[in-house]
>>> print(open('start.cif').read())   # mmCIF, C-alpha atoms
data_work
#
loop_
_atom_site.label_atom_id
_atom_site.label_comp_id
_atom_site.auth_asym_id
_atom_site.auth_seq_id
_atom_site.Cartn_x
_atom_site.Cartn_y
_atom_site.Cartn_z
CA MET A 1 85.69 102.66 90.14
CA GLN A 2 84.43 103.56 86.69
CA PHE A 3 80.71 103.65 86.06
CA GLN A 4 79.61 101.34 83.26
CA ILE A 5 76.80 102.79 81.15
CA SER A 6 74.82 99.81 79.91
CA ARG A 7 71.87 99.62 77.57
CA GLU A 8 69.73 98.60 80.56
CA PHE A 9 70.72 101.78 82.42
CA ILE A 10 69.85 103.97 79.41
CA GLU A 11 66.44 102.29 79.12
CA LYS A 12 65.86 102.83 82.83
CA ILE A 13 66.61 106.56 82.49
CA GLU A 14 64.34 106.79 79.43
CA ASN A 15 61.48 105.19 81.38
CA LEU A 16 62.00 107.53 84.34
CA VAL A 17 61.93 110.55 82.02
CA GLU A 18 58.77 109.28 80.34
CA ASP A 19 57.10 108.82 83.75
CA LYS A 20 58.40 112.24 84.91
CA ASN A 21 59.80 110.51 88.01
CA ASN A 22 62.07 113.42 88.95
CA LYS A 23 62.93 112.17 92.41
CA GLU A 24 64.24 108.83 91.16
CA LEU A 25 66.05 110.53 88.28
CA LEU A 26 67.94 112.74 90.69
CA VAL A 27 68.84 109.69 92.76
CA GLN A 28 70.26 107.97 89.68
CA PHE A 29 72.48 110.94 88.81
CA GLU A 30 73.31 111.98 92.37
CA ASN A 31 76.65 110.21 92.72
CA MET A 32 77.58 110.00 89.04
CA HIS A 33 80.56 111.87 87.67
CA HIS A 34 79.63 114.67 85.27
CA ALA A 35 81.54 112.91 82.46
CA ASP A 36 79.36 109.80 82.94
CA ILE A 37 76.21 111.92 82.98
CA ALA A 38 77.29 113.53 79.70
CA GLU A 39 77.90 110.12 78.17
CA THR A 40 74.43 109.05 79.30
CA LEU A 41 72.79 112.13 77.79
CA GLU A 42 74.48 111.48 74.45
CA GLU A 43 72.60 108.16 74.32
CA LEU A 44 69.21 109.80 74.98
CA SER A 45 66.93 111.60 72.57
CA LEU A 46 67.29 115.38 72.37
CA ASP A 47 64.06 115.96 74.31
CA ASP A 48 65.02 113.49 77.05
CA ALA A 49 68.54 114.95 77.34
CA THR A 50 67.12 118.48 77.60
CA TYR A 51 64.68 117.33 80.27
CA VAL A 52 67.51 115.92 82.38
CA ILE A 53 69.64 119.05 81.89
CA LYS A 54 66.81 121.23 83.19
CA LEU A 55 66.25 118.90 86.14
CA LEU A 56 69.81 118.82 87.45
CA GLU A 57 71.28 121.48 89.70
CA SER A 58 73.01 124.28 87.78
CA ASP A 59 76.47 123.58 89.23
CA LYS A 60 76.36 119.98 87.99
CA THR A 61 74.70 120.94 84.68
CA ALA A 62 77.51 123.36 83.93
CA GLU A 63 80.09 120.57 84.23
CA VAL A 64 77.94 118.18 82.18
CA LEU A 65 77.57 120.70 79.34
CA MET A 66 81.34 121.04 79.06
CA GLU A 67 81.71 117.26 78.72
CA LEU A 68 79.13 116.94 75.95
CA ASP A 69 80.22 116.56 72.36
CA GLU A 70 80.12 119.97 70.63
CA GLU A 71 77.29 118.99 68.28
CA ASP A 72 75.21 117.46 71.10
CA ARG A 73 75.82 120.50 73.27
CA GLU A 74 74.66 122.80 70.47
CA LYS A 75 71.43 120.83 70.11
CA VAL A 76 70.76 120.90 73.86
CA LEU A 77 71.48 124.64 74.12
CA ASN A 78 69.11 125.33 71.23
CA ASN A 79 66.38 123.73 73.35
CA LEU A 80 67.10 126.07 76.29
CA SER A 81 66.04 129.68 76.68
CA ALA A 82 68.61 132.47 76.95
CA LYS A 83 67.80 132.80 80.66
CA GLU A 84 68.30 129.07 81.26
CA ILE A 85 71.64 129.14 79.43
CA ALA A 86 72.70 132.18 81.46
CA GLU A 87 71.94 130.33 84.69
CA GLU A 88 74.27 127.52 83.64
CA ILE A 89 76.94 129.98 82.44
CA GLU A 90 77.05 131.63 85.86
CA GLU A 91 78.18 128.34 87.42
CA MET A 92 81.10 127.92 85.01
CA ASP A 93 84.64 129.21 85.18
CA THR A 94 85.08 132.13 82.82
CA ASP A 95 87.15 130.19 80.26
CA ASP A 96 84.53 127.45 79.95
CA ALA A 97 81.74 130.02 79.93
CA ALA A 98 83.43 131.95 77.12
CA ASP A 99 83.79 128.72 75.10
CA ILE A 100 80.08 128.00 75.45
CA VAL A 101 78.97 131.57 74.69
CA GLY A 102 81.34 131.67 71.71
CA GLU A 103 79.46 128.75 70.14
CA LEU A 104 76.11 130.58 70.24
CA SER A 105 74.65 132.66 67.43
CA PRO A 106 75.20 136.45 67.75
CA GLU A 107 71.55 137.06 68.69
CA ILE A 108 71.43 134.38 71.39
CA LYS A 109 74.88 135.40 72.63
CA GLU A 110 73.71 138.95 73.37
CA MET A 111 70.59 137.70 75.13
CA VAL A 112 72.55 135.22 77.26
CA ILE A 113 75.11 137.82 78.35
CA ALA A 114 72.30 140.25 79.18
CA ASN A 115 70.69 137.60 81.42
CA ILE A 116 73.84 136.91 83.47
CA GLU A 117 73.13 138.47 86.88
CA ASP A 118 76.77 138.64 88.00
CA GLU A 119 78.01 141.70 86.09
CA GLN A 120 81.69 140.98 86.79
CA HIS A 121 81.29 137.44 85.46
CA ALA A 122 79.61 138.79 82.33
CA ASP A 123 82.33 141.41 81.83
CA ASP A 124 85.03 138.75 82.18
CA ILE A 125 83.34 136.54 79.58
CA VAL A 126 82.99 139.43 77.12
CA ASP A 127 86.66 140.25 77.67
CA LEU A 128 87.74 136.68 76.93
CA LEU A 129 85.68 136.57 73.74
CA ARG A 130 87.94 139.30 72.32
CA TYR A 131 90.87 136.92 72.03
CA ASP A 132 91.64 134.28 69.44
CA GLU A 133 90.48 130.93 70.84
CA ASN A 134 93.90 129.39 70.10
CA SER A 135 95.86 132.11 71.91
CA ALA A 136 96.73 132.37 75.60
CA GLY A 137 94.00 134.99 75.98
CA GLY A 138 91.44 132.59 74.54
CA LEU A 139 92.60 129.72 76.74
CA MET A 140 92.91 131.54 80.04
CA ALA A 141 90.42 131.84 82.89
CA LYS A 142 89.94 134.99 84.94
CA GLU A 143 89.62 133.10 88.24
CA LEU A 144 92.87 133.13 90.22
CA VAL A 145 94.34 134.06 93.61
CA LYS A 146 96.59 137.12 93.75
CA VAL A 147 98.06 139.21 96.55
CA ASN A 148 99.65 142.65 96.63
CA GLU A 149 103.35 142.86 97.36
CA ASN A 150 102.67 145.58 99.93
CA TRP A 151 100.26 143.51 102.02
CA SER A 152 101.21 141.94 105.29
CA VAL A 153 101.16 138.17 105.68
CA THR A 154 98.26 138.43 108.14
CA GLY A 155 96.25 140.77 105.94
CA CYS A 156 96.55 138.67 102.78
CA MET A 157 95.23 135.48 104.40
CA SER A 158 91.64 136.71 104.68
CA GLU A 159 91.83 138.23 101.19
CA MET A 160 93.06 134.93 99.77
CA ARG A 161 90.18 133.06 101.41
CA ASP A 162 87.67 135.37 99.71
CA GLN A 163 89.31 134.95 96.31
CA ALA A 164 89.66 131.17 96.64
CA GLU A 165 85.88 130.78 96.91
CA ASN A 166 85.62 131.47 93.17
CA VAL A 167 88.58 129.30 92.15
CA THR A 168 88.09 125.57 91.54
CA ARG A 169 91.74 124.71 92.20
CA VAL A 170 94.38 126.98 93.66
CA HIS A 171 97.52 125.98 91.74
CA SER A 172 99.51 129.12 92.49
CA ILE A 173 99.33 132.42 94.35
CA TYR A 174 100.47 135.36 92.22
CA VAL A 175 102.00 138.58 93.50
CA VAL A 176 101.19 141.95 91.87
CA ASP A 177 102.04 145.57 92.56
CA ASN A 178 99.63 148.46 93.04
CA LYS A 179 99.09 148.65 89.25
CA ASN A 180 98.26 144.93 89.04
CA ARG A 181 101.55 144.17 87.24
CA LEU A 182 102.81 140.64 87.79
CA LYS A 183 105.80 140.61 90.13
CA GLY A 184 106.19 136.95 91.08
CA ARG A 185 104.59 134.04 92.88
CA LEU A 186 104.04 133.12 96.50
CA SER A 187 104.81 129.74 98.01
CA LEU A 188 102.12 128.55 100.38
CA LYS A 189 104.82 127.07 102.61
CA ASP A 190 106.67 130.40 102.78
CA LEU A 191 103.41 132.17 103.55
CA ILE A 192 102.53 129.84 106.41
CA THR A 193 105.99 129.88 107.97
CA ALA A 194 106.58 133.64 107.60
CA PRO A 195 106.15 135.93 110.64
CA SER A 196 102.68 137.47 110.77
CA THR A 197 104.18 140.96 110.66
CA ALA A 198 106.22 140.27 107.51
CA GLN A 199 105.37 141.88 104.17
CA ILE A 200 104.58 139.83 101.08
CA SER A 201 107.47 141.66 99.37
CA ASP A 202 109.81 139.94 101.84
CA VAL A 203 108.72 136.37 101.16
CA TYR A 204 107.54 136.10 97.53
CA ILE A 205 109.56 134.52 94.71
CA ASN A 206 110.27 137.06 91.98
CA LYS A 207 110.97 134.42 89.33
CA VAL A 208 107.79 133.31 87.58
CA ASP A 209 107.08 131.86 84.15
CA TYR A 210 104.31 133.67 82.29
CA VAL A 211 102.87 134.21 78.82
CA SER A 212 101.22 137.18 77.13
CA VAL A 213 97.62 137.21 75.91
CA ASP A 214 98.79 136.93 72.28
CA THR A 215 101.05 133.90 72.82
CA LYS A 216 99.99 131.01 70.59
CA GLY A 217 98.44 127.99 72.25
CA GLU A 218 101.17 125.72 70.90
CA GLU A 219 103.83 127.88 72.58
CA VAL A 220 101.90 127.88 75.87
CA ALA A 221 101.74 124.08 75.73
CA ARG A 222 105.47 123.86 75.01
CA ILE A 223 106.35 126.11 77.96
CA MET A 224 104.09 124.27 80.39
CA GLN A 225 105.46 120.93 79.24
CA LYS A 226 109.08 122.06 79.39
CA TYR A 227 108.84 123.48 82.92
CA ASP A 228 106.29 120.95 84.19
CA LEU A 229 103.78 123.64 85.18
CA GLU A 230 100.28 123.00 86.51
CA ALA A 231 99.27 126.58 85.76
CA ILE A 232 100.79 129.63 84.12
CA PRO A 233 99.80 133.29 84.55
CA VAL A 234 98.82 135.45 81.58
CA VAL A 235 99.68 139.15 81.29
CA ASN A 236 98.55 141.84 78.87
CA GLU A 237 100.66 144.24 76.83
CA MET A 238 101.38 146.35 79.95
CA GLY A 239 102.47 143.39 82.05
CA LYS A 240 99.27 143.38 84.09
CA LEU A 241 97.98 140.04 85.38
CA VAL A 242 94.76 139.22 83.52
CA GLY A 243 94.30 135.47 83.96
CA ARG A 244 95.83 132.03 84.22
CA ILE A 245 95.89 128.85 82.15
CA THR A 246 95.64 125.53 83.98
CA ILE A 247 96.96 122.15 82.92
CA ASP A 248 93.51 120.71 82.19
CA ASP A 249 92.82 123.49 79.68
CA ILE A 250 96.13 123.01 77.90
CA VAL A 251 95.67 119.22 77.78
CA ASP A 252 92.29 119.74 76.08
CA PHE A 253 93.93 122.15 73.64
CA ILE A 254 96.74 119.67 72.83
CA ARG A 255 94.21 116.89 72.28
CA GLU A 256 92.09 119.01 69.95
CA GLU A 257 95.13 120.17 67.96
CA ALA A 258 96.40 116.59 67.69
CA GLU A 259 93.02 115.47 66.37
CA LYS A 260 93.01 118.27 63.79
CA ASP A 261 96.56 117.46 62.65
CA TYR A 262 95.76 113.75 62.46
CA GLN A 263 92.68 114.42 60.35
CA MET A 264 94.57 116.83 58.10
CA ALA A 265 97.36 114.30 57.67
CA ALA A 266 94.76 111.73 56.69
CA GLY A 267 93.29 114.09 54.09
CA ILE A 268 90.30 115.35 56.08
CA SER A 269 90.00 119.12 55.77
CA GLU A 270 87.39 119.75 58.48
CA ASP A 271 86.90 118.74 62.11
CA VAL A 272 84.45 115.82 61.86
CA GLU A 273 83.67 112.68 63.82
CA ALA A 274 82.32 109.25 62.99
CA ASP A 275 78.74 110.26 63.78
CA SER A 276 78.85 113.49 61.73
CA SER A 277 76.36 113.81 58.87
CA ILE A 278 77.09 112.36 55.44
CA TRP A 279 77.28 115.88 54.00
CA GLN A 280 79.84 116.99 56.61
CA LEU A 281 81.97 113.88 56.08
CA THR A 282 81.81 114.28 52.30
CA ARG A 283 82.75 117.96 52.48
CA ALA A 284 85.68 117.11 54.74
CA ARG A 285 87.05 114.25 52.65
CA LEU A 286 86.31 115.25 49.05
CA PRO A 287 88.89 118.06 48.53
CA TRP A 288 91.88 115.83 49.21
CA LEU A 289 90.34 112.98 47.24
CA ILE A 290 90.01 115.32 44.26
CA LEU A 291 93.70 116.21 44.72
CA ALA A 292 94.56 112.51 44.76
CA LEU A 293 92.47 112.00 41.62
CA LEU A 294 94.32 114.81 39.82
CA GLY A 295 97.58 113.26 40.95
CA GLY A 296 96.40 109.96 39.54
CA PHE A 297 95.69 111.58 36.18
CA ILE A 298 99.21 113.02 36.14
CA SER A 299 100.63 109.58 36.97
CA VAL A 300 98.67 108.09 34.06
CA ASN A 301 100.09 110.73 31.71
CA VAL A 302 103.59 109.95 32.93
CA LEU A 303 103.04 106.24 32.28
CA GLU A 304 101.68 106.98 28.80
CA THR A 305 104.89 108.85 28.02
CA PHE A 306 106.80 105.62 28.60
CA ASP A 307 104.37 103.22 26.89
CA GLY A 308 107.15 102.18 24.52
CA ALA A 309 109.24 101.08 27.48
CA MET A 310 106.50 98.81 28.76
CA GLU A 311 106.05 97.26 25.31
CA LYS A 312 109.74 96.38 25.16
CA HIS A 313 110.25 95.62 28.86
CA GLY A 314 106.86 94.52 30.17
CA ALA A 315 108.27 93.56 33.55
CA LEU A 316 108.78 97.28 34.32
CA PHE A 317 105.04 97.61 34.80
CA PHE A 318 104.97 95.11 37.69
CA PHE A 319 107.37 97.21 39.77
CA VAL A 320 105.42 100.46 39.41
CA PRO A 321 103.26 99.81 42.55
CA LEU A 322 106.41 98.96 44.53
CA ILE A 323 108.18 102.18 43.51
CA ALA A 324 105.09 104.33 44.14
CA ALA A 325 104.42 102.72 47.53
CA MET A 326 108.02 103.17 48.71
CA ALA A 327 108.00 106.81 47.60
CA GLY A 328 104.78 107.52 49.49
CA ASN A 329 105.83 105.66 52.63
CA VAL A 330 109.27 107.28 52.85
CA GLY A 331 107.77 110.74 52.28
CA VAL A 332 105.21 110.30 55.04
CA GLN A 333 107.87 108.97 57.43
CA SER A 334 110.15 111.96 56.81
CA SER A 335 107.37 114.51 57.11
CA ALA A 336 106.06 112.87 60.31
CA ILE A 337 109.48 113.21 61.99
CA VAL A 338 109.77 116.85 60.89
CA LEU A 339 106.23 117.60 62.08
CA GLN A 340 107.01 116.09 65.47
CA GLY A 341 110.12 118.25 65.72
CA LEU A 342 108.20 121.37 64.74
CA ALA A 343 105.46 120.60 67.26
CA ASN A 344 107.77 120.20 70.27
CA ASN A 345 110.29 122.80 69.06
CA SER A 346 113.10 120.25 68.99
CA LEU A 347 114.11 120.82 65.36
CA ARG A 348 117.66 122.12 65.54
CA GLY A 349 120.17 123.29 62.94
CA SER A 350 119.81 124.75 59.46
CA LEU A 351 117.61 123.44 56.68
CA LEU A 352 120.70 122.46 54.67
CA ASN A 353 122.03 120.29 57.51
CA ARG A 354 118.62 118.67 57.88
CA LEU A 355 118.49 117.86 54.13
CA VAL A 356 122.05 116.48 54.14
CA LYS A 357 121.15 114.22 57.06
CA GLU A 358 118.08 112.97 55.20
CA VAL A 359 120.16 112.21 52.10
CA LEU A 360 122.64 110.15 54.12
CA LEU A 361 119.83 108.34 55.92
CA SER A 362 118.06 107.67 52.62
CA LEU A 363 121.24 106.32 51.04
CA LEU A 364 121.64 103.84 53.88
CA ASN A 365 118.00 102.74 53.86
CA GLY A 366 117.88 102.73 50.07
CA PHE A 367 121.02 100.62 49.73
CA VAL A 368 119.72 97.96 52.14
CA LEU A 369 116.31 97.82 50.43
CA ALA A 370 117.85 97.83 46.95
CA LEU A 371 120.16 94.95 47.88
CA LEU A 372 117.21 92.92 49.14
CA LEU A 373 115.30 93.79 45.96
CA VAL A 374 118.14 92.70 43.65
CA LEU A 375 118.68 89.44 45.51
CA GLY A 376 114.99 88.71 45.52
CA GLY A 377 114.55 89.67 41.87
CA VAL A 378 117.51 87.67 40.59
CA PHE A 379 117.10 84.52 42.68
CA LEU A 380 113.33 84.37 43.17
CA LEU A 381 111.91 86.07 40.06
CA ASN A 382 114.73 85.13 37.66
CA LEU A 383 115.22 88.71 36.48
CA ASP A 384 118.36 89.55 34.54
CA PHE A 385 121.02 91.62 36.29
CA ASP A 386 120.53 94.79 34.22
CA PHE A 387 116.84 94.85 35.00
CA GLY A 388 117.47 94.25 38.71
CA LEU A 389 120.09 97.01 38.71
CA THR A 390 117.60 99.38 37.06
CA VAL A 391 114.97 98.80 39.72
CA ALA A 392 117.56 99.00 42.53
CA ILE A 393 119.01 102.35 41.38
CA SER A 394 115.49 103.66 40.83
CA LEU A 395 114.51 102.62 44.34
CA ILE A 396 117.49 104.40 45.92
CA SER A 397 116.82 107.54 43.88
CA VAL A 398 113.13 107.53 44.73
CA ILE A 399 113.80 107.08 48.44
CA ILE A 400 116.22 110.02 48.46
CA THR A 401 113.81 112.25 46.55
CA ALA A 402 110.82 111.29 48.68
CA SER A 403 112.68 111.90 51.94
CA LEU A 404 113.82 115.32 50.73
CA ILE A 405 110.28 116.30 49.75
CA GLY A 406 108.93 114.98 53.05
CA THR A 407 111.51 117.04 54.94
CA PHE A 408 111.58 120.19 52.82
CA VAL A 409 107.85 120.84 52.33
CA PRO A 410 106.65 120.94 55.99
CA ILE A 411 109.60 123.15 57.03
CA ILE A 412 108.89 125.63 54.24
CA LEU A 413 105.16 125.65 55.01
CA ASP A 414 105.91 126.29 58.68
CA LYS A 415 108.19 129.21 57.79
CA GLN A 416 105.38 130.66 55.66
CA GLY A 417 102.93 130.42 58.56
CA ILE A 418 100.95 127.54 56.99
CA ASP A 419 100.02 124.50 59.08
CA PRO A 420 102.73 121.94 58.13
CA ALA A 421 100.30 119.08 58.79
CA MET A 422 98.98 119.85 55.31
CA ALA A 423 102.23 118.44 53.92
CA THR A 424 101.55 114.91 55.13
CA GLY A 425 99.10 112.28 53.98
CA PRO A 426 97.62 112.63 50.50
CA PHE A 427 99.76 115.63 49.50
CA ILE A 428 103.10 113.92 50.14
CA THR A 429 101.88 110.54 48.93
CA THR A 430 100.48 111.87 45.65
CA SER A 431 103.47 114.10 44.82
CA ASN A 432 105.94 111.34 45.61
CA ASP A 433 103.97 108.82 43.54
CA ILE A 434 104.34 111.07 40.51
CA CYS A 435 108.02 111.81 41.13
CA GLY A 436 108.72 108.15 41.85
CA ILE A 437 107.21 106.91 38.59
CA LEU A 438 108.99 109.61 36.57
CA ILE A 439 112.37 108.80 38.16
CA TYR A 440 111.80 105.04 37.74
CA PHE A 441 111.15 105.16 33.99
CA SER A 442 113.79 107.80 33.36
CA ILE A 443 116.48 105.60 34.92
CA ALA A 444 115.10 102.55 33.08
CA LYS A 445 115.45 104.46 29.81
CA LEU A 446 119.07 105.30 30.56
CA ILE A 447 120.08 101.75 31.55
CA LEU A 448 117.86 99.51 29.43
CA GLY A 449 117.39 101.82 26.49
CA PHE A 450 114.11 102.04 24.51
#
>>> encode(input="start.cif", output="structure tokens")
Amino acid sequence: MQFQISREFIEKIENLVEDKNNKELLVQFENMHHADIAETLEELSLDDATYVIKLLESDKTAEVLMELDEEDREKVLNNLSAKEIAEEIEEMDTDDAADIVGELSPEIKEMVIANIEDEQHADDIVDLLRYDENSAGGLMAKELVKVNENWSVTGCMSEMRDQAENVTRVHSIYVVDNKNRLKGRLSLKDLITAPSTAQISDVYINKVDYVSVDTKGEEVARIMQKYDLEAIPVVNEMGKLVGRITIDDIVDFIREEAEKDYQMAAGISEDVEADSSIWQLTRARLPWLILALLGGFISVNVLETFDGAMEKHGALFFFVPLIAAMAGNVGVQSSAIVLQGLANNSLRGSLLNRLVKEVLLSLLNGFVLALLLVLGGVFLLNLDFDFGLTVAISLISVIITASLIGTFVPIILDKQGIDPAMATGPFITTSNDICGILIYFSIAKLILGF
């Protein structure tokens, strides 16, 4: 059953903190999930949240810190000493610990690492900090269970028990050779049913999916999704087993990437949230709004070029919003489908085939929409046939052009190593608005003459 955090509960916690009633505070948080505790802390003042963090046991605090919003976590950590942060870091898995340490300033980072008593844990964290945070090396954790191929079944059982003490969840048992090179995986069922005198080399499965430390996070996510993996081992350049990535880590990565792409598609250039500062929100939104403004100026100049057309055929002006809107909508639709294909690696065939398909699809959609437009214009708005034909042909042409731009741009950006999400939203909408208006009046000039 989910815990409901009410205003009354928050006020109760605030009163307990004010009275320094530590015993009752611990009772309140004793059976709460760490995600609910984090949500509670986000409703408290910084001083009250810090007080609770210091009061809780380190193992629970470590989980709570990981659930906190990044900005709230930064504020809380700034209120803790390097030694206090180190105590919390020691209770975390290495991947989570590296994420936290990576957010600290260089000076505090050095002090925190120096205060970690477990030298192996500290070394593992420092090692993980070397990798790009969006690579397999940056996503992996050092905690795992591995056995040597030369061990006996009986001998590896006690070794596995020792290793498992430091692993939150044992998804897989990996098999390595004497040089720690990944050889395969071990089924727990095969291990239990094997004769006690058997060697691991006799019972392990030599087929295992793995990634290298430099593999991009998106590729890791694709592999784990394709093969329905709960965890995947990570090897270095020499094929040595250095860590593993679990499904919860990759789900967090996918969610964060989806949020970034969604914001970029909406014209937000930085990772912000609703409660970010006005300056942060302005800095994130303004660049694309400036681009849209420049696009608007270009559209105005295009319209001025055809001012004679609007003097002679004033009704042309009333269809400008329709043409611009259809161009923007079709462009965003096309780019969204391409982006989805690029994200899940399902985009097949050559660029030429993709463009031909878009042209055929646009012709079909454009013809249906143009027919509805002509019928509506002639019978409802009493427009003459030539004018209706002008708008219809313009609409088909604009739809084809917009779909080609929406398809072509993200594919080219992806081939150039640029995030294709940049091609959606304001960029596609603005460029297609301009092209749509230019095509519309150019066709009108050819048919209606002015």
>>> resolve_selection(input="start.cif", expression="the PyMOL selection byres ((chain A and resi 309-321) around 8)", output="compact mmCIF listing (two decimals) with C-alpha atoms, keeping the file's coordinate frame")
# COMPACT_ATOMS: atom_id res chain seq x y z
CA PHE A 306 106.80 105.62 28.60
CA ASP A 307 104.37 103.22 26.89
CA GLY A 308 107.15 102.18 24.52
CA LEU A 322 106.41 98.96 44.53
CA ILE A 323 108.18 102.18 43.51
CA ALA A 324 105.09 104.33 44.14
CA ALA A 325 104.42 102.72 47.53
CA VAL A 391 114.97 98.80 39.72
CA ILE A 437 107.21 106.91 38.59
CA PHE A 441 111.15 105.16 33.99
CA LYS A 445 115.45 104.46 29.81
CA PHE A 450 114.11 102.04 24.51
>>> resolve_selection(input="start.cif", expression="the PyMOL selection byres ((chain A and resi 51) around 12)", output="ChimeraX atom specification")
/A:13-14,16-22,25-26,41,44-50,52-56,61,76-77,79-80
>>> atom_distance(input="start.cif", atom1="atom CA of A:Leu128", atom2="atom CA of A:Ile254")
19.7 Å
>>> resolve_selection(input="start.cif", expression="the PyMOL selection byres ((chain A and resi 390) around 12)", output="number ranges by chain")
A: 313, 315-316, 319, 323, 370-371, 373-374, 377, 383-389, 391-397, 439-449
>>> atom_distance(input="start.cif", atom1="atom CA of A:Gly406", atom2="atom CA of A:Asn134")
26.9 Å
>>> atom_distance(input="start.cif", atom1="atom CA of A:Ile434", atom2="atom CA of A:Thr401")
11.3 Å
>>> residues_around(input="start.cif", residues="A:Ser152", least_positions_apart="5", cutoff="8 Å", atoms="all atoms listed in the file", output="ChimeraX atom specification")
/A:196-200
>>> write_last_selection(input="start.cif", atoms="C-alpha atoms", output="PDB file, keeping the file's coordinate frame")
ATOM      1  CA  SER A 196     102.680 137.470 110.770  1.00  0.00           C
ATOM      2  CA  THR A 197     104.180 140.960 110.660  1.00  0.00           C
ATOM      3  CA  ALA A 198     106.220 140.270 107.510  1.00  0.00           C
ATOM      4  CA  GLN A 199     105.370 141.880 104.170  1.00  0.00           C
ATOM      5  CA  ILE A 200     104.580 139.830 101.080  1.00  0.00           C
TER       6      ILE A 200
END
